Amino acid sequence: MLLPTVGIEQIFNLPYTKEDFKVVHHQPINMPSIPHAHKHDFYMILLIEKGSGTHTIDFKAHEVEDKMVFFLAPGQAHQWELSKDTSGYQLMFSLKFLLPGSQRFPYFNLSASPFLPLTDEQYLALIQELEKMEKEVHHAEELYIDILQSRLQVVLLLIKRWYSDNFSVQEFAPDHRIINSFLTLLETHYATHSEVSFYANEMSVTANYLNQVCRKKSGITAGDYIRERILLEAKRMLTFSTLDIKEIAYTLGFNDTSYFSRFFRKYTNSSPQEFRKMNN
């Protein structure tokens, strides 16, 4: 069985018309333990007011601290073990709830840091925006959906400003746009194309140039990005599906199971079978 994908409407038993947006204030959080990983078909922002524990996103455990924001994009596997007194907000929304023409938000990239510590000032600003959203949902007056969409845009842009202060984000640099385009293509084609030349051709640049741009901005090549994306999906499937190794290898574009096993061992120091055993 594949890793379950959970929609907003399934979590909160919402009617279809409200499944694209939800804001929840946990005082404290109602599910401090989610021991089994799952993935969502929506975006999620988790604001920790206070609490501790770990939030594991795509097999990497992150310490939970006060005044911290976590980011989760559709398709990412996550689970958490939080202290029972953990409080905060969950903001969940689908892609179609975003305003038309919305910018890219760097913190939802798979290669980006999935968390951001906030200053006291940033934390208060975010809390104020989320409280305004809660009021709009509660009163549900005329045009409240439009207002929620606009407030969501404000929240995402504020976080983008703060995120850019902590991490290297150069949104308008030509080489940054190349990386964004590459990562978008990679998310669509990683299971069928593992050649740097394919992505370079799609973007009308040379493979050498694409590798240089990636290395300059992130320290790794385009080939490294491709390999890491394939390995991540392999880990997800080995942990959360009942497909056999041959089926997983074929799904990820490997016609030779033994080659897939050698590839996996080379970069994880364990065989697919050993990894599955350790994570089940």
# chains A, B, ... in the order shown; residues from 1 in each chain; ligands from 1
>>> closest_atom_pairs(of="range 143-256 of chain A", to="range 123-137 of chain A", cutoff="12 Å", atoms="only C-alpha atoms", output="Markdown table")
| residue | atom | partner | partner_atom | distance |
| --- | --- | --- | --- | --- |
| A:Leu143 | CA | A:Glu136 | CA | 9.5 |
| A:Tyr144 | CA | A:Glu136 | CA | 5.9 |
| A:Ile145 | CA | A:Glu136 | CA | 8.2 |
| A:Asp146 | CA | A:Glu136 | CA | 10.1 |
| A:Ile147 | CA | A:Glu136 | CA | 7.7 |
| A:Leu148 | CA | A:Met133 | CA | 6.2 |
| A:Gln149 | CA | A:Met133 | CA | 9.5 |
| A:Ser150 | CA | A:Met133 | CA | 10.0 |
| A:Arg151 | CA | A:Met133 | CA | 7.0 |
| A:Leu152 | CA | A:Met133 | CA | 8.2 |
| A:Gln153 | CA | A:Glu129 | CA | 10.6 |
| A:Val154 | CA | A:Glu129 | CA | 8.2 |
| A:Val155 | CA | A:Glu129 | CA | 6.8 |
| A:Leu156 | CA | A:Leu126 | CA | 9.9 |
| A:Leu157 | CA | A:Leu126 | CA | 11.0 |
| A:Leu158 | CA | A:Leu126 | CA | 8.1 |
| A:Ile159 | CA | A:Leu126 | CA | 8.4 |
| A:Trp162 | CA | A:Tyr123 | CA | 10.6 |
>>> select_by_dssp(residues="range 32-132 of chain A", states="strand (DSSP E or B)", output="PyMOL selection string")
chain A and resi 33-40+43-50+53-57+60-64+68-72+77-82+87-93+115-117
>>> closest_atom_pairs(of="range 40-83 of chain A", to="range 90-107 of chain A", cutoff="9 Å", atoms="only C-alpha atoms", output="Markdown table")
| residue | atom | partner | partner_atom | distance |
| --- | --- | --- | --- | --- |
| A:Asp41 | CA | A:Ser94 | CA | 7.4 |
| A:Phe42 | CA | A:Ser94 | CA | 4.7 |
| A:Tyr43 | CA | A:Phe93 | CA | 5.4 |
| A:Met44 | CA | A:Met92 | CA | 4.5 |
| A:Ile45 | CA | A:Leu91 | CA | 5.1 |
| A:Leu46 | CA | A:Gln90 | CA | 4.7 |
| A:Leu47 | CA | A:Gln90 | CA | 6.5 |
| A:Ile48 | CA | A:Gln90 | CA | 8.9 |
| A:Phe71 | CA | A:Tyr107 | CA | 6.6 |
| A:Leu72 | CA | A:Tyr107 | CA | 8.6 |
| A:Ala73 | CA | A:Tyr107 | CA | 8.9 |
| A:Pro74 | CA | A:Ser94 | CA | 8.7 |
>>> residues_around(residues="Arg227 in chain A", least_positions_apart="4", cutoff="8 Å", atoms="only C-alpha atoms", output="PDB file with N, CA, C and O atoms, in the first residue's frame")
ATOM      1  N   SER A 194      16.539  10.850 -15.770  1.00  0.00           N
ATOM      2  CA  SER A 194      17.604  11.075 -14.782  1.00  0.00           C
ATOM      3  C   SER A 194      18.817  11.751 -15.409  1.00  0.00           C
ATOM      4  O   SER A 194      19.855  11.867 -14.761  1.00  0.00           O
ATOM      5  N   GLY A 223      22.928  17.150 -11.371  1.00  0.00           N
ATOM      6  CA  GLY A 223      22.924  15.701 -11.226  1.00  0.00           C
ATOM      7  C   GLY A 223      22.697  15.267  -9.787  1.00  0.00           C
ATOM      8  O   GLY A 223      22.000  14.274  -9.522  1.00  0.00           O
ATOM      9  N   LEU A 231      16.307   9.257  -4.799  1.00  0.00           N
ATOM     10  CA  LEU A 231      16.537   8.564  -3.529  1.00  0.00           C
ATOM     11  C   LEU A 231      15.433   8.859  -2.521  1.00  0.00           C
ATOM     12  O   LEU A 231      14.989   7.960  -1.789  1.00  0.00           O
TER      13      LEU A 231
END
>>> residues_around(residues="range 181-189 of chain A", least_positions_apart="3", cutoff="12 Å", atoms="only C-alpha atoms", output="ChimeraX atom specification")
/A:74-76,104,106,108-112,171,174-178,192-205,207,210-211,213-214,221-230,232-233,251-253
>>> atom_distance(atom1="CA of Gln79 in chain A", atom2="CA of His25 in chain A")
18.8 Å
